[in-house]
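A short write-up of the structure that comes next.
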Amino acid sequence: MITTRALTKRYGRVLAVNRVDLDVREGDRYGFLGPNGSGKTTVVRMLLGLVYATSGEIEVMGRPVPKRVAEVLPRIGALVEGPSCYGHLSGRANLALIDASGRGRGLRSRRKRISEALERVGLAGVDNRAVKKYSLGMRQRLGLAAALLREPRLLVLDEPTNGLDPKGIREIRDLLTELNQAGTTVFLSSHQLSEVEQLCTRVGIVDRGRLVLQDDLDTLRAPTGRVMVRSPDADRAAALLDGHLEQRDGDRLLVVGADPAELNARLVAAGLRVSEIGPERRSLEALMLAVTGSGSDRIDRVRPAPDRPAAAIAEVAGAGGAVDRGTGGVRVAERGADGPHAVDRGAGGAQKVERRSGGAWSVEREARGAHAVERGAGGARSAEREAAEAQMAEREAAEARMAERGAGQSRDGRRGRESTESGQGAESQPGGESTESRPGGEGQERRQGGEGQERRKGWDSRERRKGWEGGMAGNALGFGQGGQGDSGGEGRGSAGAGGEDEGRVGAGGEGGEKP
Amino acid sequence: MIRVELVKLVRRPRSWVSIGLLCGLPVIVAVFVAVTHLVPPPGQGPTLLSAVLSNGSLYPAAALAIVLPIFLPVAVAVVAGDAIAGEAGSGMLRYLLARPVGRTRLLVAKLIALVIYTLTAVVAVAVTAYITGKLLFGSQPVAVSPGGGATPTIIAAHAAAASLSGTTLTPADIFVRTVGAISFIGVSMLGVGAIALFLSTLTDSSLGAALGALAALVTSEVLVTLNAAGVVNPYLPTRYWLAWVDFFRQPILWRNIDRGFAVQAIYVVILLACAWANFATKDITS
């Protein structure tokens, strides 16, 4: 239905959309997620031929866009960045004007279609008052009605439930599900996780202009292979499960490589009380937090450079903790704490990764095997667990490769800085640590092929974009590398940028970005 | 699409308010003149006004002279400036283009709506002024000056003073000449509209586009009167604006009228081409 290849949009120096490969299939309810300012709307606009791509290809319903967009637009219903209307006209008059604007079916069926569309969105009884007197929710419904006027095969909706109350959101969700079952493909762009989680069958997540993840929601939310147990006798349970216990948080235990039923039987047999037990599932929220940074609407205060290391440690620890709570992954916390040191060490940390790279590679190969077994065996839990492990190894391999590149190219200022920075970022980013919270990622990247390659690009652009956004600069953390790489600095390089994101990746001078 | 644009224009209160104001101003002037019989001495005040006391059927021309310098350009610039920028500002542009309406088609529809608005405004002014003139000043055969009057104000003086010695114009003559004047003014206003329309494709603020066009006109007006800017004088958009007065000479003095048409045509063509080139390749981010 929608296919994009290496879709890129650059506004001046800002890379708004960076090599996005969307794949929306016919009949999907596709959730396009991302933080504010991550490029969702720009992608939507490019799909509709409103904004022209800098490079890359778009195909919608088999037609190249924007070249032949006029052929497909009549079959697309769109709601982009909120509804718009002529305020001095009534809702019906607005729909009539919109309908009359384009070619196609004429006056005769118009009145009927308008009534039907209004009925669908729950505005059937609307009177003739001017739209400027409508409430936000009514306008939103009117915008949806406009999108539905021509029985579209594809609905492209940007935040369709904005301004609606819970009941209205439910109605719209039901409406979209109903339309989808009747054969309409729904492409829903949103930053509201619950909306996507409840409606969509497939998810694409963008962060800073890059598509960081695209997969079926079921795959993404598949069990992690761990079992969550809540028990008042947590201490004894922990002792009993020694070796299998991955994490303990009060009375909450995470157990590796066990079947919930068997585990339950075992615990009960040992005379332990179990208040809650079940396979641990990833939530979309945890996933989202793991693969994206904060939105571009967050702009933190720039702090003086000397405060950086301490602040960064606190921030990273804090961030790690946050993700930890979300995913229940102990590893997050550990590695999160490890992060700042890695950042501090800078190039040293990167070298460490490099040394490990050989091992990581082989693990990665094993991982593929493990994954295959998992698929074949219909999801044997241990295999799944291994797959998760393996994916992490894969990730490490990618990091290692990045680090290698960094070490190799540090003479070339810009690239060198970027890649060392990427290496660090990978070490210290909670996103990086929570690799294990993305079991579905594995499958997805398998499809894309060359996971390491993909990830590396991802990190690169991510860090680069951050540099632009935050006026981020060589601070105490990044000075070593920043100084090395900074050949054409503009002097902005000495201003440290605040914020946990910038803190985590804060390396290198802004100046280094510039040729 | 053209029909839709016209519907939008017609259903928009602003269109009617602006035309009402345009028609109202000459009526107010006419009432004052008719009551006091005081007209500006030749050489001051609106062109032709001194001539209307003797003949009301010249009042449409005088009325156009009254609204031409500021009022009419403002109205045209507002409507033209609103064309694309207004849609962008209200957020409707993206929905129109996604409807889909081709960008070129949309621009052409806007242009046609603008032309129709301009002509409606000018004709409305002329018609109300004609009625006002007939009612307030009556009609006698008009005497106009022999051709070759150097400036419009001189001809006005001639028309007033030489009503006995000048050539007499029949009502049919006056009608034809008024139509000529209306079309000339219409084309001049299209020039204004083209500036505003081009600016309208550049910005998302209709006010900005309208004010930008007016700024261009003011600049042009200043340069026209400036001897030092004599080099560019013949190419300024407002240079020949008043040439339509030559329609009321006997015989009609075509030189400036022709040049006026030519200059406006060049401006219109170039600016519309720019507007199209810009709009067709623009990222719609509004």
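Scheme for the structure tokens: letters A, B, ... for chains in order shown; per-chain residue numbers from 1; ligand numbers from 1 in order shown.
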
Interface, chain B side, toward chain A (12 Å; only C-alpha atoms) as a tab-separated table (two decimals) with N, CA and C atoms, in the first residue's frame:
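Ended up saving to selection35.tsv:
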chain	number	residue	atom	x	y	z
B	1	MET	N	-13.37	23.67	-9.79
B	1	MET	CA	-12.57	24.40	-8.81
B	1	MET	C	-12.81	25.90	-8.91
B	2	ILE	N	-12.93	26.36	-10.16
B	2	ILE	CA	-13.18	27.79	-10.36
B	2	ILE	C	-14.51	28.16	-9.72
B	3	ARG	N	-15.48	27.28	-9.92
B	3	ARG	CA	-16.78	27.54	-9.35
B	3	ARG	C	-16.68	27.59	-7.81
B	4	VAL	N	-15.91	26.66	-7.27
B	4	VAL	CA	-15.75	26.62	-5.81
B	4	VAL	C	-15.12	27.91	-5.31
B	5	GLU	N	-14.12	28.37	-6.05
B	5	GLU	CA	-13.46	29.61	-5.64
B	5	GLU	C	-14.44	30.77	-5.66
B	6	LEU	N	-15.28	30.79	-6.68
B	6	LEU	CA	-16.26	31.88	-6.76
B	6	LEU	C	-17.27	31.78	-5.62
B	7	VAL	N	-17.66	30.55	-5.32
B	7	VAL	CA	-18.59	30.37	-4.20
B	7	VAL	C	-17.96	30.89	-2.92
B	8	LYS	N	-16.69	30.54	-2.73
B	8	LYS	CA	-16.00	31.00	-1.52
B	8	LYS	C	-15.99	32.52	-1.48
B	9	LEU	N	-15.70	33.12	-2.64
B	9	LEU	CA	-15.62	34.58	-2.71
B	9	LEU	C	-16.98	35.19	-2.37
B	11	ARG	N	-19.47	33.85	-0.75
B	11	ARG	CA	-19.99	33.57	0.59
B	11	ARG	C	-19.15	34.24	1.66
B	12	ARG	N	-18.14	34.93	1.25
B	12	ARG	CA	-17.27	35.55	2.22
B	12	ARG	C	-17.76	36.97	2.48
B	13	PRO	N	-18.11	37.28	3.70
B	13	PRO	CA	-18.63	38.62	3.99
B	13	PRO	C	-17.66	39.72	3.57
B	14	ARG	N	-16.38	39.42	3.69
B	14	ARG	CA	-15.39	40.44	3.40
B	14	ARG	C	-15.51	40.98	1.98
B	86	GLY	N	-4.02	32.72	2.60
B	86	GLY	CA	-5.20	32.56	3.45
B	86	GLY	C	-5.55	31.09	3.62
B	87	GLU	N	-5.48	30.34	2.52
B	87	GLU	CA	-5.74	28.91	2.60
B	87	GLU	C	-4.68	28.24	3.47
B	88	ALA	N	-3.45	28.68	3.29
B	88	ALA	CA	-2.37	28.10	4.09
B	88	ALA	C	-2.58	28.43	5.56
B	89	GLY	N	-2.92	29.68	5.83
B	89	GLY	CA	-3.10	30.11	7.21
B	89	GLY	C	-4.24	29.37	7.91
B	90	SER	N	-5.30	29.10	7.18
B	90	SER	CA	-6.43	28.41	7.80
B	90	SER	C	-6.21	26.89	7.80
B	91	GLY	N	-5.13	26.45	7.19
B	91	GLY	CA	-4.85	25.02	7.17
B	91	GLY	C	-5.61	24.27	6.09
B	92	MET	N	-6.36	24.98	5.27
B	92	MET	CA	-7.15	24.30	4.25
B	92	MET	C	-6.31	23.93	3.03
B	93	LEU	N	-5.18	24.60	2.88
B	93	LEU	CA	-4.39	24.36	1.67
B	93	LEU	C	-4.01	22.89	1.54
B	94	ARG	N	-3.58	22.29	2.66
B	94	ARG	CA	-3.14	20.89	2.58
B	94	ARG	C	-4.30	19.98	2.22
B	95	TYR	N	-5.49	20.31	2.72
B	95	TYR	CA	-6.64	19.47	2.41
B	95	TYR	C	-7.09	19.66	0.96
B	96	LEU	N	-6.99	20.88	0.47
B	96	LEU	CA	-7.34	21.10	-0.94
B	96	LEU	C	-6.39	20.32	-1.85
B	97	LEU	N	-5.11	20.42	-1.55
B	97	LEU	CA	-4.14	19.76	-2.42
B	97	LEU	C	-4.21	18.24	-2.28
B	98	ALA	N	-4.65	17.78	-1.11
B	98	ALA	CA	-4.76	16.33	-0.92
B	98	ALA	C	-6.11	15.81	-1.42
B	99	ARG	N	-6.93	16.73	-1.86
B	99	ARG	CA	-8.31	16.34	-2.23
B	99	ARG	C	-8.37	15.41	-3.43
B	100	PRO	N	-7.68	15.53	-4.54
B	100	PRO	CA	-6.62	16.48	-4.84
B	100	PRO	C	-7.08	17.59	-5.79
B	101	VAL	N	-6.54	18.73	-5.60
B	101	VAL	CA	-6.65	19.82	-6.56
B	101	VAL	C	-5.23	20.10	-7.01
B	102	GLY	N	-5.01	20.09	-8.32
B	102	GLY	CA	-3.67	20.36	-8.82
B	102	GLY	C	-3.24	21.75	-8.41
B	103	ARG	N	-1.96	21.91	-8.17
B	103	ARG	CA	-1.48	23.20	-7.70
B	103	ARG	C	-1.72	24.28	-8.75
B	105	ARG	N	-3.94	24.26	-11.08
B	105	ARG	CA	-5.38	24.50	-11.15
B	105	ARG	C	-5.84	25.43	-10.04
B	106	LEU	N	-5.34	25.18	-8.87
B	106	LEU	CA	-5.74	26.01	-7.73
B	106	LEU	C	-5.31	27.45	-7.97
B	109	ALA	N	-7.49	29.03	-10.61
B	109	ALA	CA	-8.82	29.31	-10.06
B	109	ALA	C	-8.78	30.56	-9.18
B	279	PHE	N	4.90	28.21	-6.35
B	279	PHE	CA	3.84	27.42	-5.71
B	279	PHE	C	3.91	25.95	-6.13
B	280	ALA	N	4.26	25.72	-7.40
B	280	ALA	CA	4.24	24.35	-7.89
B	280	ALA	C	5.35	23.51	-7.29
B	281	THR	N	6.41	24.16	-6.81
B	281	THR	CA	7.53	23.41	-6.28
B	281	THR	C	7.67	23.55	-4.77
B	282	LYS	N	6.68	24.19	-4.17
B	282	LYS	CA	6.83	24.52	-2.76
B	282	LYS	C	6.44	23.34	-1.86
B	283	ASP	N	7.15	23.23	-0.73
B	283	ASP	CA	6.72	22.28	0.29
B	283	ASP	C	5.59	22.91	1.08
B	284	ILE	N	4.47	22.21	1.14
B	284	ILE	CA	3.35	22.75	1.90
B	284	ILE	C	3.49	22.29	3.34
B	285	THR	N	3.95	23.18	4.18
B	285	THR	CA	4.16	22.80	5.57
B	285	THR	C	3.17	23.48	6.49
B	286	SER	N	2.22	24.19	5.91
B	286	SER	CA	1.25	24.90	6.75
B	286	SER	C	0.20	23.92	7.27

Write out as a PDB file with C-alpha atoms, in the first residue's frame all residues of region 60-194 of chain A that DSSP puts in strand (DSSP E or B) for this structure's backbone.
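What landed in result_18.pdb:
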ATOM      1  CA  VAL A  60       1.489   4.610  -2.748  1.00  0.00           C
ATOM      2  CA  ARG A  63       2.031   4.720  -8.070  1.00  0.00           C
ATOM      3  CA  PRO A  64       5.145   6.818  -7.639  1.00  0.00           C
ATOM      4  CA  VAL A  65       4.647   9.878  -5.470  1.00  0.00           C
ATOM      5  CA  ILE A  76      -6.915   8.455   0.073  1.00  0.00           C
ATOM      6  CA  GLY A  77      -8.647  10.084   2.989  1.00  0.00           C
ATOM      7  CA  ALA A  78      -6.306  12.303   4.923  1.00  0.00           C
ATOM      8  CA  LEU A  79      -6.258  14.103   8.218  1.00  0.00           C
ATOM      9  CA  SER A  90     -21.274  25.354   8.489  1.00  0.00           C
ATOM     10  CA  ALA A 130     -20.576  28.047  11.715  1.00  0.00           C
ATOM     11  CA  LEU A 154      -6.330   4.237   2.392  1.00  0.00           C
ATOM     12  CA  LEU A 155      -6.779   6.473   5.392  1.00  0.00           C
ATOM     13  CA  VAL A 156      -3.819   8.580   6.397  1.00  0.00           C
ATOM     14  CA  LEU A 157      -4.591   9.999   9.791  1.00  0.00           C
ATOM     15  CA  ASP A 158      -2.378  12.212  11.882  1.00  0.00           C
ATOM     16  CA  THR A 185      -5.937   0.341   5.078  1.00  0.00           C
ATOM     17  CA  VAL A 186      -5.355   2.664   8.002  1.00  0.00           C
ATOM     18  CA  PHE A 187      -2.122   4.548   8.452  1.00  0.00           C
ATOM     19  CA  LEU A 188      -2.238   6.230  11.811  1.00  0.00           C
ATOM     20  CA  SER A 189       0.439   8.607  12.892  1.00  0.00           C
ATOM     21  CA  SER A 190       0.480   9.292  16.587  1.00  0.00           C
TER      22      SER A 190
END

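Taking CA of Ser38 (chain A) and CA of Asp207 (chain A) as the two end points, the separation is 5.1 Å.
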
d(CA of Gly180 (chain B), CA of Pro251 (chain B)) in Å: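 CA of Pro251 (chain B) lies 13.6 Å from CA of Gly180 (chain B).
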
Could you list, as an MDAnalysis selection string, every residue within 12 Å of Leu176 (chain A), counting only C-alpha atoms and ignoring same-chain residues fewer than 5 positions away? chainID A and resid 27:30 120:121 144:145 147:148 152 154:157 160:161 169:171 181:188 195:196 198:200

What does the distance from CA of Val127 (chain B) to CA of Ala61 (chain B) come to in Å, to one decimal?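 Separating CA of Val127 (chain B) from CA of Ala61 (chain B) is a distance of 10.3 Å.
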
One residue among B:Gly230, B:Gly191, B:Pro69, B:Pro237 is nearest to Leu271 (chain B) when using only C-alpha atoms, and that residue is B:Gly191
